[in-house]
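Okay, structure first, notes after.
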Amino acid sequence: MPILEVKNIETVYYDRLYVLKGVSLEINQGEIRVVLGPNGAGKTTLAKSISGLIKDQPRKGDIIFEGRSIARKEAEKISSMGLVLVPEDRGVFPELTVEENLKLSGWTKKDTWVFDLFPNLYQKLQEISNHLSGGEQQMLAIARAIIKKPKLLILDEPSLGLSPKLTNELFKTLKRLNEELKTTMLIVEQNARVSVEICHYGYVMENGKMVFEGKADDLKDNELIKELYLGGSVKKTEKGWKLYKTRRRW
Amino acid sequence: MDYLISGLQVGLIYVLLSFGIFLIYRTTRILNFAHGDIATLGTFIALTLHQKTENLLISVVVGAFCSGVVSMLFYRFIIYEGERRGVNPLGLTIITIAFAYILQSFEIVIWGAEPKDFPSLAYGRFFIFPAQFVVILLVSLFLMLGMYFITMKTNFGIQIRAISQNREASATLGISVKKVVSFVWFIASFIGAIAGSLIAPLYFVDQFFLFDPFVKSFIGAVVGGLDNPFGVVIGSIIVGLAENIFGGYISIKFKTAFVFFIALVFLLIKPEGLLGREIKERV
Ligand SMILES: Nc1ncnc2c1ncn2[C@@H]1O[C@H](COP(=O)(O)OP(=O)(O)OP(=O)(O)O)[C@@H](O)[C@H]1O
Ligand SMILES: [Mg+2]
């Protein structure tokens, strides 16, 4: 039985902005699955709808987590059940120290295993989080989520704003998390290149609908994905990267 | 010297009141206009209990506890529900004004409208200082150090600060915003009612007696910077001192006007408050 089943959900903003138009997906224990899609496809909306961050949404369909419906439940309840989201903006508390950020999810001095995965954080424990680099903030956000020992970790665009090098490192760490801690992960990404490398299964979302799904190899072979996301030449990716960095965040 | 002491004395009371205003503002994003009235309720309860039991200390603490509970219930069942239904901060602020009026009427019905005497915790002098001043000084120092410890050193304090910085992220970590903020309202009004009972012997107690201190605490908090607890403390003390020294040496009639005047000057010079800081966000 899958750990999470999203069944044909519809999310609407302000009663008239139809963003998710019947989206389904599932993920099994121990897997990494990825949802790819361009700007505005509704990826963040999907991640937030699952995590209970959009009030009264999804208004149709159901979300089953470990056999129980979590659709329209409060975000804090969903998190306490073991489904933890690392949001697109990372959700690091800017004026708390790194240590305080970690403590919020129950970290104690004994939990040194975290620094094995995220060594940078150890030196910066007493630093104000706002002074960390973007990459370090992303590490902090993920470390904080992992401390909660989530049964399912949802990551919304973990590569956002990171250099290609950092992105590669981050995805290696995610792979380690999956292999060593057996963390089940749903990753929502634009960066197909790195995510198809680590995922077991993937979906492509466009305009509020899933338009393709398949195993990692199917994704790599798929012409549409090759063309849209994997890019033919280096030039193309550079341009895509720029666009990707300058797009508006909200 | 006397004006300095009386200024510091009310300044400390303003600190206690403004700290509650600050806590609620930071976690709920609204200005609680009922803050003074909820504290007044606790002061009235303390007065009645004292008449029944003759034990002022316990009466004050129990009165403060009642204020805290009323405040917590008000948050949980009215403000929180309003928030959840999408009432904006302005609407919520208006609800607090409504609640202030409701409490005032309620207090008139139960305790009547005529002003009453409130006993001091200590009479006479302690060395050269008035004993009540010493009590106010010690109690407010104790409460402020306690609050510093709670907010900076405990997990609960970290949760309070996390919620004030990013509610959505707090929820994704499983922190119950409802529980934490309810307790913040309790603490705010508990401290507020202690302040009410401490300042009551200097005034007569009626349903409006904390209105003026409330407004001045608010001014103190804004002058000091509503995003920094130390600013709130310093701003409130400045307001207390300025008001009493001006009132003592220059004109008692214009002392309140003077407070507003300095608030205006301070704000024009330092719009974010004395110790207010702009949080520079990383992009
Ligand atoms: N809070 C909101 N209120 C109104 N409209 C929203 C809101 N959030 C998202 N939308 C709309 O929903 C659509 C999908 O947005 P969403 O953020 O889910 O896309 P995305 O796939 O995450 O894009 P990106 O890759 O840029 O992060 C957009 O057209 C956006 O305008
Ligand atoms: Mg997004």
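Labeling convention for the structure tokens: chains A, B, ... as they appear, residues from 1 per chain, ligands from 1 in order of appearance.
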Mind checking which residues fall within 7 Å of region 22-36 of chain A, counting only C-alpha atoms, ignoring those fewer than 6 positions away in the same chain, and posting them as JSON, numbers by chain?
{"A": [2, 3, 4, 5, 6, 7, 8, 9, 10, 178, 182, 183, 184, 185, 186, 187, 188, 189, 190, 192, 195, 199, 200, 201, 202, 203, 204, 205, 209, 210]}
Restricted to N, CA, C and O atoms, what would the selected residues look like written as a compact mmCIF listing (two decimals), in the first residue's frame?
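Saved the output as part.txt:
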# COMPACT_ATOMS: atom_id res chain seq x y z
N PRO A 2 0.59 2.22 -0.84
CA PRO A 2 1.40 3.44 -0.86
C PRO A 2 1.28 4.20 0.47
O PRO A 2 0.24 4.13 1.12
N ILE A 3 2.35 4.91 0.84
CA ILE A 3 2.30 5.70 2.08
C ILE A 3 1.43 6.95 1.88
O ILE A 3 0.75 7.40 2.79
N LEU A 4 1.50 7.49 0.65
CA LEU A 4 0.66 8.65 0.34
C LEU A 4 -0.07 8.43 -0.98
O LEU A 4 0.53 8.00 -1.96
N GLU A 5 -1.35 8.71 -0.96
CA GLU A 5 -2.13 8.66 -2.20
C GLU A 5 -2.87 9.98 -2.36
O GLU A 5 -3.66 10.36 -1.50
N VAL A 6 -2.58 10.67 -3.44
CA VAL A 6 -3.31 11.89 -3.74
C VAL A 6 -4.30 11.52 -4.83
O VAL A 6 -3.92 11.01 -5.89
N LYS A 7 -5.58 11.73 -4.55
CA LYS A 7 -6.60 11.24 -5.46
C LYS A 7 -7.37 12.38 -6.09
O LYS A 7 -8.26 12.96 -5.45
N ASN A 8 -6.99 12.70 -7.31
CA ASN A 8 -7.79 13.59 -8.11
C ASN A 8 -8.16 14.90 -7.41
O ASN A 8 -9.32 15.29 -7.37
N ILE A 9 -7.16 15.59 -6.85
CA ILE A 9 -7.50 16.78 -6.07
C ILE A 9 -7.60 18.05 -6.93
O ILE A 9 -6.96 18.19 -7.96
N GLU A 10 -8.47 18.92 -6.47
CA GLU A 10 -8.66 20.22 -7.12
C GLU A 10 -8.45 21.33 -6.11
O GLU A 10 -9.06 21.33 -5.05
N ASN A 178 17.98 9.19 1.72
CA ASN A 178 17.08 8.13 1.29
C ASN A 178 17.70 6.75 1.54
O ASN A 178 17.03 5.83 1.99
N LYS A 182 16.54 5.89 5.11
CA LYS A 182 15.32 5.35 4.49
C LYS A 182 14.19 6.38 4.42
O LYS A 182 13.02 6.04 4.57
N THR A 183 14.56 7.65 4.26
CA THR A 183 13.54 8.68 4.20
C THR A 183 12.80 8.64 2.87
O THR A 183 13.43 8.65 1.81
N THR A 184 11.49 8.56 2.94
CA THR A 184 10.67 8.62 1.74
C THR A 184 10.52 10.09 1.34
O THR A 184 10.26 10.93 2.19
N MET A 185 10.73 10.38 0.05
CA MET A 185 10.73 11.79 -0.35
C MET A 185 9.90 12.07 -1.58
O MET A 185 9.98 11.33 -2.57
N LEU A 186 9.16 13.15 -1.52
CA LEU A 186 8.49 13.66 -2.70
C LEU A 186 9.12 15.01 -3.01
O LEU A 186 9.06 15.93 -2.20
N ILE A 187 9.77 15.09 -4.17
CA ILE A 187 10.48 16.33 -4.51
C ILE A 187 9.75 17.02 -5.65
O ILE A 187 9.46 16.42 -6.68
N VAL A 188 9.47 18.29 -5.45
CA VAL A 188 8.83 19.09 -6.47
C VAL A 188 9.93 19.96 -7.07
O VAL A 188 10.61 20.67 -6.33
N GLU A 189 10.17 19.86 -8.35
CA GLU A 189 11.37 20.52 -8.90
C GLU A 189 11.16 21.03 -10.32
O GLU A 189 10.30 20.55 -11.06
N GLN A 190 11.98 22.02 -10.67
CA GLN A 190 12.07 22.42 -12.07
C GLN A 190 13.32 21.83 -12.69
O GLN A 190 13.41 21.70 -13.89
N ALA A 192 15.18 19.23 -13.82
CA ALA A 192 14.99 17.82 -14.16
C ALA A 192 16.32 17.07 -14.16
O ALA A 192 16.39 15.92 -13.77
N SER A 195 17.17 15.92 -10.65
CA SER A 195 16.17 15.11 -9.96
C SER A 195 15.94 13.75 -10.63
O SER A 195 15.71 12.78 -9.94
N CYS A 199 15.77 10.07 -8.54
CA CYS A 199 14.42 9.59 -8.24
C CYS A 199 14.18 8.18 -8.76
O CYS A 199 14.90 7.67 -9.62
N HIS A 200 13.18 7.53 -8.18
CA HIS A 200 12.77 6.22 -8.66
C HIS A 200 11.65 6.35 -9.69
O HIS A 200 11.47 5.51 -10.55
N TYR A 201 10.89 7.41 -9.54
CA TYR A 201 9.68 7.54 -10.34
C TYR A 201 9.36 9.03 -10.44
O TYR A 201 9.70 9.79 -9.53
N GLY A 202 8.75 9.43 -11.54
CA GLY A 202 8.50 10.85 -11.67
C GLY A 202 7.20 11.19 -12.38
O GLY A 202 6.62 10.36 -13.09
N TYR A 203 6.76 12.41 -12.16
CA TYR A 203 5.57 12.92 -12.82
C TYR A 203 5.94 14.23 -13.51
O TYR A 203 6.82 14.95 -13.05
N VAL A 204 5.24 14.54 -14.56
CA VAL A 204 5.39 15.86 -15.15
C VAL A 204 4.05 16.56 -15.09
O VAL A 204 3.02 16.01 -15.46
N MET A 205 4.10 17.76 -14.58
CA MET A 205 2.86 18.50 -14.37
C MET A 205 2.89 19.75 -15.24
O MET A 205 3.91 20.43 -15.33
N LYS A 209 -2.20 19.88 -14.30
CA LYS A 209 -2.53 18.49 -14.59
C LYS A 209 -1.27 17.68 -14.78
O LYS A 209 -0.26 18.20 -15.24
N MET A 210 -1.34 16.38 -14.44
CA MET A 210 -0.22 15.52 -14.73
C MET A 210 -0.29 15.17 -16.22
O MET A 210 -1.32 14.70 -16.69
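The part of chain A that reaches within 6 Å of chain B is made up of Ala75, Glu76, Ser79, Ser80 and Gly91 of chain A, counting only C-alpha atoms.
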Residues near Lys270 (chain B), anyone? I mean within 10 Å using only C-alpha atoms, not counting same-chain ones fewer than 4 positions away, as a ChimeraX atom specification.
/B:223-225,264-266,274-276
Using C-alpha atoms, can you export the residues from the last selection as an mmCIF file, in the first residue's frame?
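Full text of selection-v2.cif as output:
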data_model
loop_
_atom_site.group_PDB
_atom_site.id
_atom_site.type_symbol
_atom_site.label_atom_id
_atom_site.label_comp_id
_atom_site.auth_asym_id
_atom_site.auth_seq_id
_atom_site.Cartn_x
_atom_site.Cartn_y
_atom_site.Cartn_z
ATOM 1 C CA VAL B 223 8.669 54.948 20.515
ATOM 2 C CA GLY B 224 11.008 52.164 21.600
ATOM 3 C CA GLY B 225 10.309 49.965 18.590
ATOM 4 C CA LEU B 264 5.889 62.644 17.600
ATOM 5 C CA VAL B 265 9.432 63.985 17.654
ATOM 6 C CA PHE B 266 10.969 60.579 18.318
ATOM 7 C CA LEU B 274 14.542 53.805 19.094
ATOM 8 C CA LEU B 275 15.780 50.240 19.044
ATOM 9 C CA GLY B 276 13.581 49.081 16.198
#
May I have a table of the residues of region 91-113 of chain B lying at most 8 Å from region 27-49 of chain B, giving each one's closest pair of atoms and their distance in Å to one decimal, counting only C-alpha atoms, ordered by chain and ascending residue number, as JSON lines?
{"residue": "B:Leu92", "atom": "CA", "partner": "B:Ile30", "partner_atom": "CA", "distance": 7.0}
{"residue": "B:Thr93", "atom": "CA", "partner": "B:Ile30", "partner_atom": "CA", "distance": 5.9}
{"residue": "B:Thr96", "atom": "CA", "partner": "B:Ala34", "partner_atom": "CA", "distance": 5.3}
{"residue": "B:Ile97", "atom": "CA", "partner": "B:Phe33", "partner_atom": "CA", "distance": 5.3}
{"residue": "B:Phe99", "atom": "CA", "partner": "B:Ala34", "partner_atom": "CA", "distance": 6.2}
{"residue": "B:Ala100", "atom": "CA", "partner": "B:Ala34", "partner_atom": "CA", "distance": 4.3}
{"residue": "B:Leu103", "atom": "CA", "partner": "B:Asp37", "partner_atom": "CA", "distance": 6.5}
{"residue": "B:Gln104", "atom": "CA", "partner": "B:Asp37", "partner_atom": "CA", "distance": 6.9}
{"residue": "B:Glu107", "atom": "CA", "partner": "B:Leu41", "partner_atom": "CA", "distance": 7.1}
{"residue": "B:Trp111", "atom": "CA", "partner": "B:Phe44", "partner_atom": "CA", "distance": 7.7}
Could those residues be written to a file, using all heavy atoms, as an mmCIF file, in the first residue's frame?
data_model
loop_
_atom_site.group_PDB
_atom_site.id
_atom_site.type_symbol
_atom_site.label_atom_id
_atom_site.label_comp_id
_atom_site.auth_asym_id
_atom_site.auth_seq_id
_atom_site.Cartn_x
_atom_site.Cartn_y
_atom_site.Cartn_z
ATOM 1 N N LEU B 92 -9.869 42.473 13.351
ATOM 2 C CA LEU B 92 -9.605 41.866 14.663
ATOM 3 C C LEU B 92 -9.363 42.945 15.712
ATOM 4 O O LEU B 92 -9.790 42.834 16.856
ATOM 5 C CB LEU B 92 -8.384 40.939 14.581
ATOM 6 C CG LEU B 92 -8.558 39.702 13.689
ATOM 7 C CD1 LEU B 92 -7.241 38.950 13.553
ATOM 8 C CD2 LEU B 92 -9.634 38.778 14.236
ATOM 9 N N THR B 93 -8.666 44.014 15.291
ATOM 10 C CA THR B 93 -8.412 45.108 16.219
ATOM 11 C C THR B 93 -9.732 45.728 16.668
ATOM 12 O O THR B 93 -9.930 46.044 17.844
ATOM 13 C CB THR B 93 -7.514 46.165 15.547
ATOM 14 O OG1 THR B 93 -6.317 45.521 15.122
ATOM 15 C CG2 THR B 93 -7.164 47.280 16.498
ATOM 16 N N THR B 96 -11.234 43.814 19.325
ATOM 17 C CA THR B 96 -10.678 44.058 20.667
ATOM 18 C C THR B 96 -11.286 45.331 21.277
ATOM 19 O O THR B 96 -11.499 45.398 22.479
ATOM 20 C CB THR B 96 -9.137 44.182 20.665
ATOM 21 O OG1 THR B 96 -8.743 45.382 19.990
ATOM 22 C CG2 THR B 96 -8.469 42.984 20.020
ATOM 23 N N ILE B 97 -11.574 46.319 20.427
ATOM 24 C CA ILE B 97 -12.218 47.537 20.951
ATOM 25 C C ILE B 97 -13.599 47.186 21.492
ATOM 26 O O ILE B 97 -13.991 47.605 22.586
ATOM 27 C CB ILE B 97 -12.317 48.618 19.852
ATOM 28 C CG1 ILE B 97 -10.908 49.036 19.409
ATOM 29 C CG2 ILE B 97 -13.101 49.825 20.354
ATOM 30 C CD1 ILE B 97 -10.875 50.060 18.292
ATOM 31 N N PHE B 99 -14.570 44.382 22.617
ATOM 32 C CA PHE B 99 -14.416 43.618 23.853
ATOM 33 C C PHE B 99 -14.097 44.554 25.026
ATOM 34 O O PHE B 99 -14.587 44.366 26.140
ATOM 35 C CB PHE B 99 -13.310 42.570 23.680
ATOM 36 C CG PHE B 99 -13.237 41.576 24.802
ATOM 37 C CD1 PHE B 99 -14.360 40.838 25.169
ATOM 38 C CD2 PHE B 99 -12.053 41.377 25.495
ATOM 39 C CE1 PHE B 99 -14.290 39.916 26.215
ATOM 40 C CE2 PHE B 99 -11.984 40.452 26.541
ATOM 41 C CZ PHE B 99 -13.106 39.725 26.902
ATOM 42 N N ALA B 100 -13.305 45.594 24.757
ATOM 43 C CA ALA B 100 -12.974 46.565 25.800
ATOM 44 C C ALA B 100 -14.253 47.198 26.356
ATOM 45 O O ALA B 100 -14.447 47.280 27.569
ATOM 46 C CB ALA B 100 -12.049 47.638 25.238
ATOM 47 N N LEU B 103 -16.280 44.709 28.422
ATOM 48 C CA LEU B 103 -15.711 44.529 29.769
ATOM 49 C C LEU B 103 -16.037 45.709 30.675
ATOM 50 O O LEU B 103 -16.368 45.529 31.843
ATOM 51 C CB LEU B 103 -14.192 44.355 29.677
ATOM 52 C CG LEU B 103 -13.689 42.983 29.246
ATOM 53 C CD1 LEU B 103 -12.174 42.995 29.114
ATOM 54 C CD2 LEU B 103 -14.112 41.910 30.244
ATOM 55 N N GLN B 104 -15.951 46.928 30.110
ATOM 56 C CA GLN B 104 -16.252 48.109 30.925
ATOM 57 C C GLN B 104 -17.679 48.060 31.455
ATOM 58 O O GLN B 104 -17.924 48.318 32.640
ATOM 59 C CB GLN B 104 -16.050 49.382 30.106
ATOM 60 C CG GLN B 104 -14.582 49.736 29.927
ATOM 61 C CD GLN B 104 -14.370 50.821 28.887
ATOM 62 O OE1 GLN B 104 -15.319 51.477 28.466
ATOM 63 N NE2 GLN B 104 -13.131 51.008 28.467
ATOM 64 N N GLU B 107 -17.977 45.537 34.142
ATOM 65 C CA GLU B 107 -17.380 45.986 35.398
ATOM 66 C C GLU B 107 -18.292 46.964 36.132
ATOM 67 O O GLU B 107 -18.382 46.940 37.357
ATOM 68 C CB GLU B 107 -16.003 46.621 35.123
ATOM 69 C CG GLU B 107 -14.932 45.564 34.828
ATOM 70 C CD GLU B 107 -13.751 46.077 33.997
ATOM 71 O OE1 GLU B 107 -13.667 47.307 33.749
ATOM 72 O OE2 GLU B 107 -12.925 45.245 33.585
ATOM 73 N N TRP B 111 -19.254 46.032 39.789
ATOM 74 C CA TRP B 111 -18.576 46.797 40.838
ATOM 75 C C TRP B 111 -19.072 48.246 40.963
ATOM 76 O O TRP B 111 -18.596 48.978 41.828
ATOM 77 C CB TRP B 111 -17.067 46.791 40.593
ATOM 78 C CG TRP B 111 -16.440 45.469 40.918
ATOM 79 C CD1 TRP B 111 -16.143 45.010 42.173
ATOM 80 C CD2 TRP B 111 -16.046 44.441 40.007
ATOM 81 N NE1 TRP B 111 -15.585 43.753 42.091
ATOM 82 C CE2 TRP B 111 -15.507 43.372 40.776
ATOM 83 C CE3 TRP B 111 -16.100 44.300 38.625
ATOM 84 C CZ2 TRP B 111 -15.033 42.190 40.205
ATOM 85 C CZ3 TRP B 111 -15.619 43.136 38.054
ATOM 86 C CH2 TRP B 111 -15.092 42.092 38.831
#
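Neighbours of ligand 1 at a cut-off of 6 Å, computed so that only C-alpha atoms and all ligand atoms are counted, are the residues A:Tyr13, A:Val19, A:Pro38, A:Asn39, A:Gly40, A:Ala41, A:Gly42, A:Lys43, A:Thr44, A:Thr45.
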